[in-house]
Amino acid sequence: MSGYVGFVAPVVLDHHSKTLDYCHQEIIKTCSDFSGCWKSDKIELRFGLFNVLGDTRKEELPYTQDQNLRIVGDVRLDNRELLIADLNRKFPELNKLYPDSYILLHAYMLWGIDCVNRISGDYSFAIWNEAESSLFCARDHFGLIPFYYSETEEGVYFSNYYTSLRKVPGLMTEINEKVLKSYFIRGNDGSFSQTIYKKIFKLPPAHVLVFKNGELVIKRYWNPKRPVKLVRYKKTEDYIAHFTRLFEKSVSERLRNNRVASQLSGGMDSSSVTAMAKHVLANNYLQDYELQAYNLTYKNLVKESEGYYANMIASHLDVELKQFTAEEYLNKLTLTLEHWIPEPAGVPNAIPERAMVKDASNSSLNVLLTGFGADVLFDYDGQHWLKMLRSRHFSQFFLDGLDFFKAHGELPSIGIKRVIKRLIMGGRKNHNLLPTWFYPTFIKNDYLELQKKNGLSSKSKVFALFTNSFWQSILETGHQGFSENRVKLRHPFFSLDLQEFLWAIPPHLLHNKYLLRLSMQSFLPIEVVRRPKTLLFGGAHFNSLKSTGVLSELENVIEEEDEFLKDKIDVKVLLNIIRKPDSILLSDRRLILYLIYVLAWKKKN
């Protein structure tokens with residue numbers, strides 16, 4: 001895990017260096033294993049390292065091979081062995097002990113900007129060309145590692161550590177009203193390129209940034225919406241073998257050390273990751289490893305059985321399980337943040353998952369694996385069938401439908417109902433969606449626009465990992481440069497190889513995570529493999545508000561923030577609503593939580 005910050009300008013002055021020194025102090029709070037800096041006339045770089053990759057030599061950045069090109073970045077490559085083999089033709093000295101960022105710089109030396117089309121993994125990086133006075137930066141396909149930048153009158157600041165930019169004078173003074181509205185409406189920033197601050201931007205996933213001769217250019221280098229060559233095997237066992245190989249590879253590439261933590265619910269996603277992690281660690285390190293599993297349970301706010309199944313899985317895998325009770329943290333919800341966070345993305349002290357990360361950090365566990373993304377990967381697109389018909393692939397349409405019936409005992413939905421509903425409802429606008437306590441002049445048009453975007457880019461549909469800002473918010477706010485945790489989160493289902501394979505296979509293997517369940521039969525208890533997906537119901541977060549006095553606290557803060565809420569919220573209407581918590585509509589409960597997050601953040605800024 002690496003943190004970096006830089007500034008590029010026609011001339012770097014002393015006050016710029018001092019600013020970067022302040023930025024650097026934020027980075028080395030969590031990245032103190034190595035600290036580096038470098039300066040020339042037009043650029044200055046700072047870097048900090050928290051070493052989570054135990055299979056390479058120590059990474060020292062900024063790294064250079066030829067005293068012209070220099071790289072800083074947070075880089076973990078999926079295809080290291082293939083890259084090294086290709087690069088050895090030009091650079092025979094390269095071997096598996098080279099850190100990933102070093103390999104990436106060699107790839108740039110050989111292929112230039114086109115190197116981004118030859119790599120995959122988790123990365124954001126910046127490469128400076130001293131001879132050409134040019135800066136080349138990129139962010140991975142999913143946006144797993146952030147990249148922030150700001151073009152000022154004096155030059156361009158860039159970093160993957162959001163908190164470090166707080167030290168740059170003037171960057172966090174103006175609020176982007178549209179992003180603020182998105183936090184009110186959706187609970188996230190709703191954007192791939194804009195932060196809540198007008199002057200700070202994000203490089204979107206799968207994009208490159210080039211700064212040369214005073215001109216900043218941003219371009220997309222990869223797009224998931226392309227024709228996919230279908231994969232069709234004669235035997236189900238072949239799909240299982242193919243998937244298991246890719247899944248094991250994905251987990252293995254994200255470990256690369258012997259001290260690991262893993263989230264473990266009672267469902268298929270995180271339990272599959274934990275089981276595969278145990279398998280990989282045992283193969284790589286025999287008995288010399290530590291795997292700590294974390295589970296979240298509810299006592300009274302929600303009825304669920306996750307703890308029961310998590311204990312069953314942990315016992316089956318012979319891994320230690322620590323269980324966290326959600327109420328102990330949800331009851332800490334308050335409008336007073338314990339520490340500053342860049343954006344209104346919740347109240348960290350009241351988020352149980354953050355407690356798991358903190359425990360892993362205190363236990364010196366370097367990596368925490370999650371099961372994020374599996375719901376999207378295994379959610380087949382009902383439009384598959386219509387696409388087959390439009391393409392006149394009638395035989396494939398019939399064969400895929402027959403396989404679906406054999407596997408699930410039912411015929412698949414082919415999406416016709418959805419198309420008809422869209423045609424009927426397409427011209428209607430449900431103005432009742434607008435919350436009664438927002439002033440229409442503040443939010444009406446943006447509210448309807450964001451609701452429409454939600455419908456077009458569901459967070460659980462086939463391309464959602466690339467097209468829905470919900471997942472970007474999860475990744476960015478979980479990053480160390482936002483949360484200041486000394487643990488690296490890894491997400492094995494965010495794998496380009498897995499994505500491309502699952503896009504290409506028959507729908508019956510995706511429905512109800514059929515292929516994942518078949519593949520995990522030899523790893524997990526059969527009771528877990530056969531367990532249907534269970535959603536949590538009961539509104540735990542809002543129920544905790546009524547029992548902790550937060551609604552009363554909210555009343556006081558609303559009055560204190562009168563100037564901030566002016567022209568945004570009808571305070572009288574809102575106060576009447578929150579004073580009767582048992583009668584609050586379901587649609588308003590979620591929005592009241594978002595309001596609490598915004599006001600808590602506002603008080604700290």
# chains A, B, ... in the order shown; residues from 1 in each chain; ligands from 1
>>> select_by_dssp(residues="region 268-456 of chain A", states="strand (DSSP E)", output="ChimeraX atom specification")
/A:290-297,320-325,367-369
>>> write_last_selection(atoms="N, CA, C and O atoms", output="CSV table (one decimal), in the first residue's frame")
chain,number,residue,atom,x,y,z
A,290,GLU,N,-1.4,-16.6,9.2
A,290,GLU,CA,-2.5,-16.2,10.1
A,290,GLU,C,-3.6,-15.8,9.3
A,290,GLU,O,-3.5,-14.9,8.4
A,291,LEU,N,-4.8,-16.3,9.5
A,291,LEU,CA,-6.0,-15.9,8.8
A,291,LEU,C,-7.1,-15.7,9.9
A,291,LEU,O,-7.5,-16.6,10.6
A,292,GLN,N,-7.5,-14.4,10.0
A,292,GLN,CA,-8.5,-14.0,10.9
A,292,GLN,C,-9.8,-13.6,10.2
A,292,GLN,O,-9.8,-12.8,9.3
A,293,ALA,N,-10.9,-14.3,10.6
A,293,ALA,CA,-12.2,-14.0,10.0
A,293,ALA,C,-13.0,-13.1,10.9
A,293,ALA,O,-12.9,-13.2,12.1
A,294,TYR,N,-13.8,-12.2,10.3
A,294,TYR,CA,-14.6,-11.2,11.0
A,294,TYR,C,-16.1,-11.4,10.5
A,294,TYR,O,-16.4,-11.4,9.3
A,295,ASN,N,-17.0,-11.4,11.5
A,295,ASN,CA,-18.4,-11.5,11.2
A,295,ASN,C,-19.2,-10.5,12.0
A,295,ASN,O,-18.8,-10.1,13.1
A,296,LEU,N,-20.3,-10.0,11.3
A,296,LEU,CA,-21.1,-9.0,11.9
A,296,LEU,C,-22.5,-9.6,12.2
A,296,LEU,O,-23.1,-10.2,11.3
A,297,THR,N,-23.0,-9.5,13.4
A,297,THR,CA,-24.3,-10.0,13.8
A,297,THR,C,-25.1,-8.9,14.4
A,297,THR,O,-24.6,-7.9,14.9
A,320,GLU,N,-10.0,-18.8,13.0
A,320,GLU,CA,-10.5,-18.1,14.1
A,320,GLU,C,-11.5,-17.0,13.6
A,320,GLU,O,-11.3,-16.4,12.6
A,321,LEU,N,-12.6,-16.9,14.4
A,321,LEU,CA,-13.7,-16.0,14.0
A,321,LEU,C,-13.9,-15.0,15.2
A,321,LEU,O,-14.1,-15.4,16.3
A,322,LYS,N,-13.9,-13.7,14.8
A,322,LYS,CA,-14.2,-12.7,15.7
A,322,LYS,C,-15.6,-12.1,15.3
A,322,LYS,O,-15.7,-11.7,14.1
A,323,GLN,N,-16.5,-12.0,16.2
A,323,GLN,CA,-17.8,-11.5,15.9
A,323,GLN,C,-18.1,-10.1,16.5
A,323,GLN,O,-17.7,-9.9,17.7
A,324,PHE,N,-18.6,-9.3,15.7
A,324,PHE,CA,-18.9,-7.9,16.1
A,324,PHE,C,-20.5,-7.7,16.1
A,324,PHE,O,-21.1,-8.1,15.2
A,325,THR,N,-21.0,-7.2,17.2
A,325,THR,CA,-22.4,-7.0,17.3
A,325,THR,C,-22.7,-5.6,16.8
A,325,THR,O,-22.2,-4.6,17.3
A,367,VAL,N,-3.7,-7.2,5.3
A,367,VAL,CA,-4.7,-7.2,4.2
A,367,VAL,C,-6.0,-7.7,4.8
A,367,VAL,O,-6.0,-8.7,5.5
A,368,LEU,N,-7.1,-7.1,4.3
A,368,LEU,CA,-8.4,-7.5,4.7
A,368,LEU,C,-9.2,-7.8,3.4
A,368,LEU,O,-9.4,-6.9,2.6
A,369,LEU,N,-9.6,-9.0,3.2
A,369,LEU,CA,-10.3,-9.4,2.0
A,369,LEU,C,-11.8,-9.2,2.2
A,369,LEU,O,-12.4,-9.4,3.3
>>> residues_around(residues="Leu402 (chain A)", least_positions_apart="6", cutoff="12 Å", atoms="only C-alpha atoms", output="list in words")
Ser395, Gln396, His408, Gly409, Glu410, Leu411, Pro412, Pro506, Pro507 and His508 of chain A
>>> write_last_selection(atoms="all heavy atoms", output="PDB file, in the first residue's frame")
ATOM      1  N   SER A 395     -30.522 -21.093 -32.382  1.00  0.00           N
ATOM      2  CA  SER A 395     -30.125 -22.371 -31.786  1.00  0.00           C
ATOM      3  C   SER A 395     -29.510 -22.147 -30.409  1.00  0.00           C
ATOM      4  O   SER A 395     -29.782 -22.902 -29.466  1.00  0.00           O
ATOM      5  CB  SER A 395     -29.138 -23.100 -32.703  1.00  0.00           C
ATOM      6  OG  SER A 395     -27.971 -22.321 -32.916  1.00  0.00           O
ATOM      7  N   GLN A 396     -28.689 -21.085 -30.275  1.00  0.00           N
ATOM      8  CA  GLN A 396     -28.082 -20.795 -28.979  1.00  0.00           C
ATOM      9  C   GLN A 396     -29.142 -20.354 -27.973  1.00  0.00           C
ATOM     10  O   GLN A 396     -29.060 -20.680 -26.788  1.00  0.00           O
ATOM     11  CB  GLN A 396     -27.016 -19.706 -29.119  1.00  0.00           C
ATOM     12  CG  GLN A 396     -26.107 -19.572 -27.904  1.00  0.00           C
ATOM     13  CD  GLN A 396     -25.304 -20.828 -27.653  1.00  0.00           C
ATOM     14  OE1 GLN A 396     -24.505 -21.247 -28.479  1.00  0.00           O
ATOM     15  NE2 GLN A 396     -25.537 -21.457 -26.500  1.00  0.00           N
ATOM     16  N   HIS A 408     -32.463 -25.248 -13.142  1.00  0.00           N
ATOM     17  CA  HIS A 408     -33.283 -24.567 -12.137  1.00  0.00           C
ATOM     18  C   HIS A 408     -34.748 -24.996 -12.118  1.00  0.00           C
ATOM     19  O   HIS A 408     -35.511 -24.526 -11.266  1.00  0.00           O
ATOM     20  CB  HIS A 408     -33.192 -23.049 -12.343  1.00  0.00           C
ATOM     21  CG  HIS A 408     -31.788 -22.517 -12.297  1.00  0.00           C
ATOM     22  ND1 HIS A 408     -31.041 -22.496 -11.138  1.00  0.00           N
ATOM     23  CD2 HIS A 408     -30.980 -22.032 -13.283  1.00  0.00           C
ATOM     24  CE1 HIS A 408     -29.846 -21.991 -11.407  1.00  0.00           C
ATOM     25  NE2 HIS A 408     -29.778 -21.707 -12.701  1.00  0.00           N
ATOM     26  N   GLY A 409     -35.131 -25.852 -13.067  1.00  0.00           N
ATOM     27  CA  GLY A 409     -36.502 -26.345 -13.064  1.00  0.00           C
ATOM     28  C   GLY A 409     -37.530 -25.292 -13.411  1.00  0.00           C
ATOM     29  O   GLY A 409     -38.712 -25.414 -13.063  1.00  0.00           O
ATOM     30  N   GLU A 410     -37.123 -24.244 -14.090  1.00  0.00           N
ATOM     31  CA  GLU A 410     -38.041 -23.174 -14.494  1.00  0.00           C
ATOM     32  C   GLU A 410     -37.501 -22.516 -15.743  1.00  0.00           C
ATOM     33  O   GLU A 410     -36.310 -22.615 -16.060  1.00  0.00           O
ATOM     34  CB  GLU A 410     -38.182 -22.129 -13.383  1.00  0.00           C
ATOM     35  CG  GLU A 410     -36.852 -21.466 -13.010  1.00  0.00           C
ATOM     36  CD  GLU A 410     -36.997 -20.475 -11.883  1.00  0.00           C
ATOM     37  OE1 GLU A 410     -36.966 -20.914 -10.707  1.00  0.00           O
ATOM     38  OE2 GLU A 410     -37.142 -19.271 -12.173  1.00  0.00           O
ATOM     39  N   LEU A 411     -38.387 -21.851 -16.461  1.00  0.00           N
ATOM     40  CA  LEU A 411     -37.965 -21.117 -17.639  1.00  0.00           C
ATOM     41  C   LEU A 411     -37.449 -19.749 -17.222  1.00  0.00           C
ATOM     42  O   LEU A 411     -37.961 -19.146 -16.272  1.00  0.00           O
ATOM     43  CB  LEU A 411     -39.134 -20.964 -18.621  1.00  0.00           C
ATOM     44  CG  LEU A 411     -39.619 -22.270 -19.265  1.00  0.00           C
ATOM     45  CD1 LEU A 411     -40.859 -22.003 -20.106  1.00  0.00           C
ATOM     46  CD2 LEU A 411     -38.523 -22.898 -20.129  1.00  0.00           C
ATOM     47  N   PRO A 412     -36.452 -19.226 -17.917  1.00  0.00           N
ATOM     48  CA  PRO A 412     -35.895 -17.922 -17.533  1.00  0.00           C
ATOM     49  C   PRO A 412     -36.801 -16.770 -17.941  1.00  0.00           C
ATOM     50  O   PRO A 412     -37.591 -16.881 -18.882  1.00  0.00           O
ATOM     51  CB  PRO A 412     -34.584 -17.875 -18.314  1.00  0.00           C
ATOM     52  CG  PRO A 412     -34.858 -18.690 -19.534  1.00  0.00           C
ATOM     53  CD  PRO A 412     -35.745 -19.814 -19.078  1.00  0.00           C
ATOM     54  N   PRO A 506     -23.071 -19.187 -20.075  1.00  0.00           N
ATOM     55  CA  PRO A 506     -24.536 -19.262 -20.164  1.00  0.00           C
ATOM     56  C   PRO A 506     -25.224 -18.707 -18.917  1.00  0.00           C
ATOM     57  O   PRO A 506     -24.698 -18.820 -17.799  1.00  0.00           O
ATOM     58  CB  PRO A 506     -24.810 -20.765 -20.307  1.00  0.00           C
ATOM     59  CG  PRO A 506     -23.530 -21.353 -20.781  1.00  0.00           C
ATOM     60  CD  PRO A 506     -22.443 -20.517 -20.196  1.00  0.00           C
ATOM     61  N   PRO A 507     -26.406 -18.111 -19.062  1.00  0.00           N
ATOM     62  CA  PRO A 507     -27.108 -17.476 -17.945  1.00  0.00           C
ATOM     63  C   PRO A 507     -27.446 -18.421 -16.799  1.00  0.00           C
ATOM     64  O   PRO A 507     -27.498 -17.978 -15.645  1.00  0.00           O
ATOM     65  CB  PRO A 507     -28.385 -16.935 -18.599  1.00  0.00           C
ATOM     66  CG  PRO A 507     -28.046 -16.757 -20.030  1.00  0.00           C
ATOM     67  CD  PRO A 507     -27.087 -17.857 -20.350  1.00  0.00           C
ATOM     68  N   HIS A 508     -27.684 -19.704 -17.075  1.00  0.00           N
ATOM     69  CA  HIS A 508     -28.085 -20.594 -15.982  1.00  0.00           C
ATOM     70  C   HIS A 508     -26.987 -20.761 -14.938  1.00  0.00           C
ATOM     71  O   HIS A 508     -27.268 -21.081 -13.780  1.00  0.00           O
ATOM     72  CB  HIS A 508     -28.498 -21.967 -16.546  1.00  0.00           C
ATOM     73  CG  HIS A 508     -27.362 -22.857 -16.952  1.00  0.00           C
ATOM     74  ND1 HIS A 508     -26.718 -22.730 -18.164  1.00  0.00           N
ATOM     75  CD2 HIS A 508     -26.732 -23.877 -16.292  1.00  0.00           C
ATOM     76  CE1 HIS A 508     -25.763 -23.640 -18.245  1.00  0.00           C
ATOM     77  NE2 HIS A 508     -25.752 -24.356 -17.128  1.00  0.00           N
TER      78      HIS A 508
END
>>> atom_distance(atom1="CA of Ile218 (chain A)", atom2="CA of Ala206 (chain A)")
10.5 Å
>>> residues_around(residues="Glu177 (chain A)", least_positions_apart="3", cutoff="8 Å", atoms="only C-alpha atoms", output="PyMOL selection string")
chain A and resi 180-181+196
>>> closest_residue(among="A:Pro169, A:Pro224, A:Gly187, A:Pro532", to="Phe470 (chain A)", atoms="only C-alpha atoms")
A:Gly187
>>> residues_around(residues="Val168 (chain A)", least_positions_apart="3", cutoff="8 Å", atoms="only C-alpha atoms", output="list in words")
Thr19, Leu20, Cys23, Ser164, Leu165 and Leu171 of chain A
>>> closest_residue(among="A:Val528, A:Ile240, A:Phe404, A:Thr30", to="Met312 (chain A)", atoms="only C-alpha atoms")
A:Val528
>>> select_by_dssp(residues="region 52-301 of chain A", states="alpha helix (DSSP H)", output="ChimeraX atom specification")
/A:80-87,100-111,177-186,236-255,268-285
>>> residues_around(residues="Ser35 (chain A)", least_positions_apart="3", cutoff="7 Å", atoms="only C-alpha atoms", output="VMD selection string")
chain A and resid 32 47 to 49
>>> residues_around(residues="Arg57 (chain A)", least_positions_apart="6", cutoff="12 Å", atoms="only C-alpha atoms", output="list in words")
Asn51, Asn95, Lys96, Leu97, Tyr98, Pro99, Asp100, Ser101 and Tyr102 of chain A
>>> write_last_selection(atoms="C-alpha atoms", output="JSON list (two decimals), in the first residue's frame")
[["chain", "number", "residue", "atom", "x", "y", "z"],
["A", 51, "ASN", "CA", 4.43, -2.85, 2.92],
["A", 95, "ASN", "CA", 12.53, -10.91, -12.10],
["A", 96, "LYS", "CA", 9.74, -11.75, -9.67],
["A", 97, "LEU", "CA", 11.45, -9.91, -6.80],
["A", 98, "TYR", "CA", 10.91, -6.55, -8.52],
["A", 99, "PRO", "CA", 8.07, -4.53, -6.92],
["A", 100, "ASP", "CA", 5.01, -4.06, -9.08],
["A", 101, "SER", "CA", 5.62, -0.33, -9.58],
["A", 102, "TYR", "CA", 9.11, -1.08, -10.93]]
>>> closest_residue(among="A:Tyr298, A:Trp503, A:Tyr148, A:Tyr221", to="Cys115 (chain A)", atoms="only C-alpha atoms")
A:Tyr221
>>> atom_distance(atom1="CA of Gln472 (chain A)", atom2="CA of Ser193 (chain A)")
10.4 Å
>>> closest_residue(among="A:Tyr233, A:Phe125, A:Tyr108, A:Phe493", to="Leu203 (chain A)", atoms="only C-alpha atoms")
A:Phe125
>>> closest_residue(among="A:Asn129, A:Leu246, A:Leu545, A:Ala345", to="Glu327 (chain A)", atoms="only C-alpha atoms")
A:Leu545
